[in-house]
>>> print(open('model37.txt').read())   # compact mmCIF, C-alpha atoms and all ligand atoms
# COMPACT_ATOMS: atom_id res chain seq x y z
CA MET A 22 -5.08 -17.75 17.98
CA GLY A 23 -4.99 -15.02 20.63
CA PHE A 24 -2.74 -12.00 20.29
CA ASP A 25 0.56 -12.97 21.86
CA ILE A 26 3.01 -10.15 21.04
CA LYS A 27 6.02 -12.06 22.35
CA LYS A 28 5.26 -15.01 20.07
CA ILE A 29 4.49 -12.71 17.15
CA ARG A 30 7.83 -10.95 17.49
CA ASP A 31 9.56 -14.32 17.52
CA ASP A 32 7.99 -14.98 14.11
CA PHE A 33 10.03 -12.10 12.62
CA PRO A 34 13.73 -13.04 12.83
CA ILE A 35 15.01 -9.63 11.72
CA LEU A 36 13.46 -7.97 14.79
CA LEU A 37 15.62 -10.02 17.12
CA GLN A 38 18.90 -8.41 16.10
CA GLN A 39 20.93 -5.50 17.45
CA VAL A 40 22.21 -2.49 15.51
CA TYR A 41 25.04 -0.36 16.95
CA ASN A 42 24.88 -2.72 19.95
CA LYS A 43 21.31 -1.62 20.64
CA PRO A 44 18.17 -3.68 20.17
CA LEU A 45 16.69 -2.81 16.78
CA VAL A 46 13.53 -0.69 17.07
CA TYR A 47 12.08 -0.89 13.58
CA LEU A 48 9.55 1.90 13.04
CA ASP A 49 9.84 2.30 9.26
CA ASN A 50 7.03 -0.06 8.35
CA GLY A 51 5.37 2.51 6.09
CA ALA A 52 8.37 2.11 3.77
CA THR A 53 8.53 -1.66 3.97
CA THR A 54 7.53 -4.33 6.45
CA GLN A 55 9.54 -7.26 7.77
CA LYS A 56 8.81 -10.84 6.82
CA PRO A 57 7.60 -13.60 9.11
CA ARG A 58 9.55 -16.84 9.10
CA VAL A 59 6.77 -18.60 7.19
CA VAL A 60 7.22 -16.23 4.24
CA ILE A 61 11.00 -16.61 4.27
CA ASP A 62 10.67 -20.41 4.50
CA THR A 63 8.10 -20.50 1.69
CA ILE A 64 10.38 -18.56 -0.64
CA ARG A 65 13.37 -20.72 0.22
CA GLU A 66 11.38 -23.90 -0.31
CA LEU A 67 10.09 -22.69 -3.68
CA GLN A 68 13.58 -21.74 -4.84
CA GLU A 69 15.13 -24.97 -3.59
CA LYS A 70 12.50 -27.48 -4.67
CA GLN A 71 9.88 -26.09 -6.99
CA ASN A 72 11.21 -23.37 -9.22
CA SER A 73 9.72 -23.68 -12.68
CA SER A 74 8.03 -21.31 -15.10
CA ILE A 75 4.26 -21.33 -14.75
CA HIS A 76 1.40 -21.90 -17.22
CA ARG A 77 3.62 -23.17 -20.02
CA GLY A 78 5.15 -26.41 -18.89
CA ILE A 79 3.50 -29.81 -18.87
CA HIS A 80 6.19 -31.27 -16.63
CA TYR A 81 5.81 -31.94 -12.92
CA LEU A 82 7.51 -28.86 -11.48
CA SER A 83 5.73 -26.45 -13.79
CA GLU A 84 2.36 -27.95 -12.99
CA GLN A 85 3.08 -27.80 -9.27
CA MET A 86 4.19 -24.18 -9.46
CA THR A 87 1.23 -23.20 -11.62
CA GLY A 88 -1.09 -24.79 -9.08
CA ARG A 89 0.49 -22.87 -6.24
CA TYR A 90 0.44 -19.59 -8.18
CA GLU A 91 -3.25 -19.94 -8.94
CA ALA A 92 -3.90 -20.96 -5.33
CA ALA A 93 -2.14 -17.72 -4.31
CA ARG A 94 -4.55 -15.82 -6.53
CA GLU A 95 -7.45 -17.47 -4.73
CA THR A 96 -5.90 -16.49 -1.37
CA VAL A 97 -5.71 -12.85 -2.50
CA ARG A 98 -9.29 -13.05 -3.81
CA ALA A 99 -10.52 -14.28 -0.45
CA PHE A 100 -8.41 -11.68 1.38
CA LEU A 101 -10.05 -8.83 -0.58
CA ASN A 102 -13.39 -10.62 -0.83
CA ALA A 103 -13.35 -10.12 -4.60
CA ALA A 104 -16.10 -11.87 -6.53
CA SER A 105 -13.76 -13.86 -8.77
CA THR A 106 -10.08 -14.71 -9.30
CA ARG A 107 -10.51 -13.18 -12.77
CA GLU A 108 -10.46 -9.85 -10.92
CA ILE A 109 -7.06 -10.45 -9.26
CA ILE A 110 -4.01 -9.46 -11.31
CA PHE A 111 -0.50 -9.95 -9.99
CA THR A 112 1.76 -6.96 -10.67
CA SER A 113 5.11 -5.65 -9.46
CA GLY A 114 3.51 -3.58 -6.68
CA ALA A 115 1.14 -0.71 -5.97
CA THR A 116 3.05 1.57 -8.33
CA GLY A 117 2.92 -1.03 -11.09
CA SER A 118 -0.81 -1.50 -10.54
CA ILE A 119 -1.60 2.23 -10.65
CA ASN A 120 0.48 2.69 -13.79
CA ALA A 121 -1.37 -0.22 -15.38
CA VAL A 122 -4.76 1.37 -14.73
CA ALA A 123 -3.60 4.87 -15.67
CA PHE A 124 -2.35 3.57 -18.99
CA SER A 125 -5.01 1.04 -19.87
CA PHE A 126 -8.04 2.93 -18.56
CA GLY A 127 -6.57 6.15 -19.89
CA GLU A 128 -6.14 4.72 -23.39
CA LYS A 129 -9.72 3.55 -23.46
CA PHE A 130 -11.66 6.24 -21.69
CA VAL A 131 -9.74 9.53 -21.34
CA ARG A 132 -10.05 12.18 -24.05
CA PRO A 133 -8.82 15.78 -24.43
CA GLY A 134 -10.58 18.09 -21.96
CA ASP A 135 -11.45 15.25 -19.55
CA GLU A 136 -10.50 15.36 -15.88
CA VAL A 137 -8.84 12.93 -13.48
CA LEU A 138 -9.46 13.52 -9.78
CA ILE A 139 -6.91 12.64 -7.10
CA SER A 140 -6.29 14.10 -3.63
CA GLU A 141 -3.74 16.42 -2.10
CA MET A 142 -2.42 13.64 0.15
CA GLU A 143 -1.49 11.11 -2.53
CA HIS A 144 1.84 9.31 -2.66
CA HIS A 145 3.80 10.30 -5.77
CA SER A 146 2.90 6.86 -7.15
CA ASN A 147 -0.73 7.96 -7.27
CA ILE A 148 0.05 11.38 -8.74
CA VAL A 149 2.66 10.98 -11.44
CA PRO A 150 1.03 8.17 -13.50
CA TRP A 151 -2.13 10.32 -13.73
CA GLN A 152 -0.11 13.40 -14.60
CA MET A 153 1.58 11.45 -17.37
CA LEU A 154 -1.82 10.29 -18.61
CA CYS A 155 -3.17 13.85 -18.55
CA GLU A 156 -0.16 15.02 -20.53
CA ARG A 157 -0.64 12.26 -23.13
CA LYS A 158 -4.33 12.91 -23.48
CA ALA A 159 -4.51 16.68 -22.95
CA ALA A 160 -6.66 16.04 -19.90
CA THR A 161 -6.59 17.94 -16.58
CA LEU A 162 -5.57 16.72 -13.14
CA LYS A 163 -7.86 17.94 -10.35
CA VAL A 164 -7.14 17.67 -6.63
CA ILE A 165 -9.35 17.17 -3.55
CA PRO A 166 -7.77 19.33 -0.81
CA PHE A 167 -7.37 18.36 2.85
CA ASN A 168 -7.67 20.48 5.98
CA ASP A 169 -4.94 21.08 8.57
CA ARG A 170 -5.98 17.97 10.51
CA GLY A 171 -5.20 15.98 7.39
CA GLU A 172 -8.83 15.18 6.54
CA LEU A 173 -10.22 15.46 3.03
CA LYS A 174 -12.46 18.44 2.41
CA LEU A 175 -15.37 16.35 1.24
CA GLU A 176 -17.55 19.40 0.64
CA SER A 177 -15.34 20.21 -2.36
CA LEU A 178 -16.38 16.95 -4.05
CA ASP A 179 -19.70 18.32 -5.28
CA GLU A 180 -17.82 20.81 -7.42
CA LEU A 181 -14.83 18.65 -8.31
CA LEU A 182 -16.90 15.70 -9.53
CA ASN A 183 -18.47 16.77 -12.79
CA ASP A 184 -19.35 15.57 -16.27
CA LYS A 185 -15.71 15.76 -17.35
CA THR A 186 -14.38 13.55 -14.52
CA ARG A 187 -13.37 10.16 -15.90
CA ILE A 188 -11.86 8.51 -12.81
CA VAL A 189 -11.10 9.20 -9.13
CA ALA A 190 -7.84 7.81 -7.68
CA LEU A 191 -7.56 8.11 -3.93
CA THR A 192 -5.42 6.70 -1.19
CA HIS A 193 -7.28 4.53 1.32
CA ALA A 194 -4.83 5.56 4.05
CA SER A 195 -2.17 8.26 3.90
CA ASN A 196 1.47 7.24 4.29
CA SER A 197 2.52 10.61 5.68
CA LEU A 198 -0.52 11.80 7.68
CA GLY A 199 -1.92 8.48 8.85
CA THR A 200 -5.43 9.49 7.77
CA ILE A 201 -7.89 6.76 6.81
CA ASN A 202 -10.03 8.40 4.17
CA PRO A 203 -13.83 8.16 4.08
CA VAL A 204 -13.55 6.21 0.86
CA LYS A 205 -17.08 4.81 0.91
CA GLU A 206 -18.50 8.31 0.86
CA VAL A 207 -16.24 9.30 -2.05
CA ILE A 208 -17.15 6.13 -3.95
CA ARG A 209 -20.86 6.72 -3.37
CA LYS A 210 -20.64 10.28 -4.70
CA ALA A 211 -18.51 9.27 -7.69
CA HIS A 212 -20.82 6.39 -8.55
CA GLU A 213 -23.83 8.72 -8.55
CA ARG A 214 -22.16 10.12 -11.66
CA ASN A 215 -20.97 6.72 -12.97
CA ILE A 216 -17.35 7.65 -12.29
CA PRO A 217 -15.11 4.69 -11.32
CA VAL A 218 -12.83 4.91 -8.27
CA LEU A 219 -9.37 3.44 -7.76
CA LEU A 220 -8.23 3.03 -4.17
CA ASP A 221 -4.56 2.93 -3.28
CA GLY A 222 -4.47 0.43 -0.43
CA ALA A 223 -0.66 0.39 -0.05
CA GLN A 224 -0.91 1.68 3.54
CA MET A 225 -4.24 0.12 4.49
CA VAL A 226 -4.11 -3.62 3.89
CA GLN A 227 -1.49 -4.28 6.60
CA HIS A 228 -3.69 -2.61 9.22
CA GLY A 229 -7.22 -3.82 8.61
CA ALA A 230 -9.43 -6.13 6.61
CA VAL A 231 -10.51 -4.80 3.22
CA ASP A 232 -13.66 -5.93 1.45
CA VAL A 233 -13.73 -4.63 -2.11
CA GLN A 234 -17.35 -5.66 -2.64
CA GLU A 235 -18.47 -3.86 0.46
CA LEU A 236 -16.43 -0.78 -0.49
CA ASP A 237 -17.74 -1.08 -4.06
CA CYS A 238 -14.46 0.36 -5.40
CA ASP A 239 -13.69 -0.29 -9.05
CA PHE A 240 -9.95 -0.84 -8.63
CA TYR A 241 -7.89 -1.61 -5.53
CA VAL A 242 -4.09 -1.81 -5.44
CA PHE A 243 -1.47 -2.81 -2.91
CA SER A 244 2.16 -3.95 -2.59
CA SER A 245 3.24 -7.28 -1.16
CA HIS A 246 6.32 -5.90 0.63
CA LYS A 247 4.21 -3.55 2.76
CA ILE A 248 2.09 -6.45 3.99
CA PHE A 249 4.90 -8.72 5.20
CA GLY A 250 5.40 -10.38 1.81
CA PRO A 251 8.33 -10.26 -0.62
CA THR A 252 9.31 -7.20 -2.65
CA GLY A 253 8.62 -6.92 -6.36
CA SER A 254 5.10 -8.27 -6.13
CA GLY A 255 1.71 -6.64 -5.80
CA VAL A 256 -1.93 -6.78 -6.67
CA LEU A 257 -4.37 -5.01 -8.91
CA TYR A 258 -8.02 -5.78 -8.22
CA GLY A 259 -10.51 -4.61 -10.80
CA LYS A 260 -14.21 -5.24 -11.29
CA GLU A 261 -14.50 -7.91 -13.94
CA ALA A 262 -16.84 -6.00 -16.25
CA LEU A 263 -14.50 -3.03 -16.27
CA LEU A 264 -11.35 -5.11 -16.76
CA GLU A 265 -13.04 -6.84 -19.70
CA GLU A 266 -13.41 -3.47 -21.40
CA LEU A 267 -9.80 -2.39 -20.88
CA PRO A 268 -7.01 -3.09 -23.36
CA PRO A 269 -3.83 -4.83 -22.16
CA TYR A 270 -1.12 -2.37 -21.23
CA GLN A 271 1.87 -4.60 -21.88
CA GLY A 272 2.37 -7.16 -24.63
CA GLY A 273 4.35 -10.37 -24.37
CA GLY A 274 4.05 -13.99 -23.39
CA ASP A 275 1.12 -15.36 -21.37
CA MET A 276 -1.21 -12.45 -22.18
CA VAL A 277 -1.91 -13.76 -25.67
CA ASP A 278 -4.33 -16.25 -27.19
CA GLN A 279 -3.14 -16.53 -30.83
CA VAL A 280 -0.22 -14.63 -32.34
CA SER A 281 0.51 -14.07 -36.00
CA PHE A 282 2.24 -11.22 -37.82
CA GLU A 283 -1.13 -10.07 -39.07
CA GLN A 284 -3.04 -10.14 -35.81
CA THR A 285 -2.86 -11.13 -32.16
CA THR A 286 -5.77 -12.08 -29.95
CA TYR A 287 -5.55 -11.76 -26.21
CA ASN A 288 -5.91 -14.18 -23.33
CA THR A 289 -8.85 -14.08 -20.95
CA LEU A 290 -8.82 -12.39 -17.53
CA PRO A 291 -6.72 -12.13 -15.49
CA PHE A 292 -3.91 -13.32 -17.79
CA LYS A 293 -4.58 -10.54 -20.32
CA PHE A 294 -2.85 -8.21 -17.85
CA GLU A 295 0.04 -10.48 -16.86
CA ALA A 296 2.52 -10.21 -19.73
CA GLY A 297 5.80 -12.10 -19.46
CA THR A 298 7.06 -14.49 -16.83
CA SER A 299 5.36 -13.27 -13.69
CA ASN A 300 6.94 -13.03 -10.26
CA TYR A 301 5.26 -16.27 -9.23
CA ILE A 302 7.49 -16.79 -6.20
CA GLY A 303 6.62 -13.27 -5.03
CA ALA A 304 2.91 -13.95 -5.44
CA ILE A 305 3.09 -17.23 -3.52
CA GLY A 306 5.21 -15.54 -0.83
CA LEU A 307 2.52 -12.88 -0.53
CA SER A 308 -0.15 -15.55 -0.10
CA ALA A 309 1.93 -17.12 2.69
CA SER A 310 1.90 -13.76 4.43
CA LEU A 311 -1.87 -13.39 3.99
CA ASP A 312 -2.41 -16.88 5.43
CA TYR A 313 -0.22 -15.91 8.38
CA LEU A 314 -2.25 -12.72 8.97
CA GLN A 315 -5.50 -14.65 8.75
CA SER A 316 -4.21 -17.05 11.39
CA ILE A 317 -3.83 -14.11 13.80
CA GLY A 318 -6.97 -12.36 12.61
CA PHE A 319 -7.45 -8.72 11.64
CA LYS A 320 -9.83 -8.18 14.52
CA ALA A 321 -7.07 -8.94 17.01
CA ILE A 322 -4.51 -7.00 14.97
CA GLY A 323 -6.83 -3.97 14.76
CA ALA A 324 -7.55 -3.94 18.49
CA TYR A 325 -3.85 -4.22 19.35
CA GLU A 326 -2.82 -1.51 16.89
CA LYS A 327 -5.50 0.85 18.23
CA GLU A 328 -4.10 0.49 21.72
CA LEU A 329 -0.54 0.95 20.44
CA SER A 330 -1.62 3.97 18.41
CA ASP A 331 -3.31 5.66 21.38
CA TYR A 332 -0.24 4.97 23.50
CA THR A 333 2.09 6.43 20.85
CA LEU A 334 -0.02 9.57 20.49
CA GLU A 335 -0.01 10.01 24.26
CA LYS A 336 3.77 9.55 24.51
CA LEU A 337 4.63 11.78 21.54
CA GLY A 338 2.02 14.36 22.56
CA ALA A 339 3.71 14.76 25.94
CA ILE A 340 7.07 15.80 24.42
CA GLN A 341 7.69 19.56 24.51
CA GLY A 342 8.60 20.98 21.11
CA LEU A 343 7.22 18.01 19.15
CA LYS A 344 4.48 18.75 16.63
CA ILE A 345 2.48 15.99 14.98
CA TYR A 346 1.22 16.46 11.43
CA GLY A 347 -2.03 14.63 10.81
CA ASP A 348 -4.74 14.44 13.42
CA ALA A 349 -7.60 12.72 11.59
CA ALA A 350 -10.32 11.02 13.60
CA GLU A 351 -9.77 7.77 11.68
CA ARG A 352 -6.11 6.81 11.44
CA ILE A 353 -3.54 4.10 10.96
CA SER A 354 -0.51 3.82 13.24
CA VAL A 355 1.64 6.20 11.19
CA PHE A 356 2.93 9.33 12.94
CA SER A 357 4.61 12.26 11.21
CA PHE A 358 6.23 14.89 13.39
CA ARG A 359 8.82 17.62 13.60
CA LEU A 360 10.98 18.79 16.47
CA GLU A 361 11.21 22.52 17.05
CA ASN A 362 14.41 24.06 15.58
CA ILE A 363 15.85 20.65 14.72
CA HIS A 364 16.32 19.41 11.18
CA THR A 365 14.46 16.16 10.57
CA TYR A 366 17.54 14.59 8.99
CA ASP A 367 19.73 15.35 12.03
CA ALA A 368 17.11 13.87 14.35
CA GLY A 369 16.79 10.78 12.17
CA MET A 370 20.55 10.23 12.22
CA ILE A 371 20.76 10.47 16.00
CA LEU A 372 17.77 8.18 16.50
CA ASP A 373 19.43 5.71 14.13
CA LYS A 374 22.50 5.56 16.35
CA MET A 375 20.18 4.59 19.19
CA GLY A 376 18.97 1.65 17.10
CA ILE A 377 15.70 3.35 16.16
CA ALA A 378 14.76 3.16 12.49
CA VAL A 379 12.45 6.00 11.48
CA ARG A 380 12.07 7.68 8.12
CA THR A 381 12.80 11.35 7.48
CA GLY A 382 11.96 13.49 4.48
CA THR A 383 8.89 13.99 2.33
CA HIS A 384 7.83 10.31 2.20
CA CYS A 385 7.06 10.68 -1.53
CA THR A 386 4.29 13.13 -0.66
CA GLN A 387 5.81 16.49 -1.53
CA PRO A 388 2.40 18.18 -1.93
CA VAL A 389 1.60 17.23 1.70
CA MET A 390 4.78 18.98 2.82
CA ASP A 391 3.92 21.98 0.64
CA HIS A 392 0.49 22.15 2.28
CA PHE A 393 2.14 22.71 5.66
CA GLY A 394 5.06 24.75 4.28
CA ILE A 395 7.66 22.29 5.62
CA ASP A 396 10.53 20.43 4.00
CA GLY A 397 9.79 17.09 5.60
CA THR A 398 8.85 15.19 8.73
CA ILE A 399 10.15 12.38 10.88
CA ARG A 400 7.84 9.42 10.45
CA ALA A 401 7.36 6.56 12.85
CA SER A 402 5.14 3.90 11.30
CA LEU A 403 4.09 0.98 13.47
CA VAL A 404 2.53 -2.39 12.76
CA PHE A 405 1.25 -5.23 14.91
CA TYR A 406 4.73 -6.59 15.75
CA ASN A 407 5.77 -3.33 17.42
CA ASN A 408 5.19 -2.91 21.15
CA LYS A 409 4.87 -0.28 23.86
CA GLU A 410 8.50 -0.73 24.96
CA GLU A 411 9.58 0.36 21.50
CA VAL A 412 7.34 3.39 21.73
CA ASP A 413 8.96 4.22 25.08
CA THR A 414 12.41 3.85 23.50
CA LEU A 415 11.34 6.18 20.70
CA ALA A 416 9.99 8.78 23.14
CA GLU A 417 13.15 8.64 25.26
CA GLY A 418 15.30 8.80 22.12
CA ILE A 419 13.45 11.89 20.92
CA LYS A 420 13.90 13.59 24.31
CA ARG A 421 17.62 12.85 24.24
CA THR A 422 17.83 14.14 20.66
CA ILE A 423 16.15 17.39 21.69
CA ALA A 424 18.52 17.72 24.65
CA MET A 425 21.52 17.19 22.40
CA LEU A 426 20.53 19.42 19.50
CA SER A 427 18.53 22.32 20.83
N1 LIG B 501 0.95 4.40 -2.29
C1 LIG B 501 1.23 4.66 -1.01
C2 LIG B 501 0.18 5.29 -0.14
C3 LIG B 501 2.48 4.35 -0.49
O1 LIG B 501 2.76 4.59 0.78
C4 LIG B 501 3.44 3.75 -1.35
C5 LIG B 501 4.80 3.45 -0.86
O2 LIG B 501 5.27 4.02 0.10
C6 LIG B 501 3.08 3.49 -2.67
C7 LIG B 501 1.83 3.82 -3.11
C8 LIG B 501 4.03 2.86 -3.62
O3 LIG B 501 4.30 1.56 -3.24
P1 LIG B 501 5.40 0.69 -4.01
O4 LIG B 501 6.65 1.52 -4.03
O5 LIG B 501 5.52 -0.55 -3.20
O6 LIG B 501 4.87 0.45 -5.38
>>> encode(input="model37.txt", output="structure tokens", more="lines below")
Ligand code: PLP
Amino acid sequence: MGFDIKKIRDDFPILLQQVYNKPLVYLDNGATTQKPRVVIDTIRELQEKQNSSIHRGIHYLSEQMTGRYEAARETVRAFLNAASTREIIFTSGATGSINAVAFSFGEKFVRPGDEVLISEMEHHSNIVPWQMLCERKAATLKVIPFNDRGELKLESLDELLNDKTRIVALTHASNSLGTINPVKEVIRKAHERNIPVLLDGAQMVQHGAVDVQELDCDFYVFSSHKIFGPTGSGVLYGKEALLEELPPYQGGGDMVDQVSFEQTTYNTLPFKFEAGTSNYIGAIGLSASLDYLQSIGFKAIGAYEKELSDYTLEKLGAIQGLKIYGDAAERISVFSFRLENIHTYDAGMILDKMGIAVRTGTHCTQPVMDHFGIDGTIRASLVFYNNKEEVDTLAEGIKRTIAMLS
């Protein structure tokens, strides 16, 4: 299929509405993305005709649903190019996946005096679970700094990676700076010292194809709702050999083999890490979204987003008194900015009344704001269903906001 933006927008019913009698301009995709009709229809169909608990029933509906859930796992495997479905664990989202690794890996491998390495541009979801681990284990959290363009200072890695480092957890793309990190370089350097790397793909997967074997990352996480799927679902990819070594982090149904009061043995991968009734409808909804994306093709999506990104930078760059934070050479279509002498919250409220949905605040990256000595930014985050007209509306809206408030 070619890239037909008009047709693509028609696939997303929510985009067709008006707010405050203005056409909705939805530019808060970094927070959550909208769902194509095929995802909405899939969820409705599952709820109406197929709902049944998976893996345990021998009756028709349960077998059908189990089949579809496991097919969804295969879809995610193919999407990430993982070697096996045993490496694909369904979770509640990126946060759930990171907490799972921080707990399970931490229990097994982190000891007092060890170090965990993250970066200065992480989302709180990739900071706090590691901080909690470090507190539990008397380990130390270390941080890779970034420069004022929002690029990691890779030269600091030689010192930061050392014999005490147990794991590196790094965002693939920043939700507040837009930076795509040179993750392959970080992975290569970490692996020279046999240190595993977790990549937070929450802001990457919706913009470009990810190949975990090519990246050679040890863990990869993302959320379904940020890639046009339902909320409350997500993925943890882990290399099979490593997952085999890790203990389960939650106990309950489905993750067990045999249970007695004396001893419990655990299920095989990936079920060992899927305790309780999983969000099977969420997982299948996610796979519907991935199928939809594949039908458009990430090559076409990438080319379109690059053009849209360049256009947005040009339009925002031409506005007097607007300063963009994050100017990395490799970027996703996420733009953080401030308006001179105008509070971000005030600007966000006025833009909202024009029908423009942007996010204001720290975007769960307070250390990024601290780096620049600011209390927050306005963030416009675009995906492939946005268009140049919306960027024009944003630019005009910002100019009117400046005229009104300065
Ligand atoms: N990591 C990054 C880079 C994010 O942008 C987000 C959400 O904004 C998360 C993790 C957490 O995602 P979720 O809240 O879906 O678990």
>>> closest_residue(input="model37.txt", among="A:Gly347, A:Gly51, A:Pro57, A:Gly382", to="ligand LIG 501 (chain B)", atoms="all atoms listed in the file")
A:Gly51
>>> residues_near_ligand(input="model37.txt", ligand="ligand LIG 501 (chain B)", cutoff="8 Å", atoms="only C-alpha atoms and all ligand atoms", output="JSON, numbers by chain")
{"A": [51, 52, 53, 113, 114, 115, 116, 117, 118, 143, 144, 145, 146, 147, 192, 193, 194, 195, 196, 197, 221, 222, 223, 224, 243, 244, 245, 246, 247, 252, 253, 255, 384, 385]}
>>> residues_around(input="model37.txt", residues="stretch 39-48 of chain A", least_positions_apart="5", cutoff="10 Å", atoms="all atoms listed in the file", output="ChimeraX atom specification")
/A:53-55,355-356,372-380,400-404,406-408,410-412,414-415
>>> atom_distance(input="model37.txt", atom1="atom CA of A:Leu343", atom2="atom CA of A:Ile363")
10.1 Å
>>> atom_distance(input="model37.txt", atom1="atom CA of A:Thr383", atom2="atom CA of A:Asp49")
13.6 Å
>>> residues_around(input="model37.txt", residues="A:Gly259", least_positions_apart="5", cutoff="7 Å", atoms="all atoms listed in the file", output="list in words")
Glu108, Ile109, Asp239, Phe240, Tyr241 and Leu264 of chain A
>>> atom_distance(input="model37.txt", atom1="atom CA of A:Glu266", atom2="atom CA of A:Glu128")
11.1 Å
>>> residues_around(input="model37.txt", residues="A:Phe100", least_positions_apart="4", cutoff="10 Å", atoms="all atoms listed in the file", output="list in words")
Arg94, Glu95, Thr96, Val226, Ala230, Val231, Asp232, Val233, Ser308, Leu311, Asp312, Leu314 and Gln315 of chain A
>>> closest_residue(input="model37.txt", among="A:Phe24, A:Ile302, A:Arg352, A:Leu426", to="A:Gln68", atoms="only C-alpha atoms")
A:Ile302
>>> residues_around(input="model37.txt", residues="A:Arg58", least_positions_apart="5", cutoff="7 Å", atoms="all atoms listed in the file", output="count of residues only")
3
>>> closest_residue(input="model37.txt", among="A:Val137, A:Leu220, A:Ala99, A:Cys155", to="A:Ile119", atoms="all atoms listed in the file")
A:Leu220
>>> closest_residue(input="model37.txt", among="A:Ile79, A:Ile371, A:Leu175, A:Ile29", to="A:Arg421", atoms="all atoms listed in the file")
A:Ile371
>>> axis_aligned_box(input="model37.txt", around="stretch 355-374 of chain A", padding_each_side="8 Å", output="JSON")
{"center_x": 12.1, "center_y": 14.8, "center_z": 13.0, "size_x": 36.9, "size_y": 34.5, "size_z": 24.1}
>>> closest_residue(input="model37.txt", among="A:His228, A:Lys56, A:Lys174, A:Arg107", to="A:Glu295", atoms="all atoms listed in the file")
A:Arg107
>>> residues_around(input="model37.txt", residues="A:Leu173", least_positions_apart="5", cutoff="8 Å", atoms="all atoms listed in the file", output="number ranges by chain")
A: 140, 165-168, 202
>>> closest_residue(input="model37.txt", among="A:Leu360, A:Val60, A:Leu219, A:Val97", to="A:Ile345", atoms="only C-alpha atoms")
A:Leu360
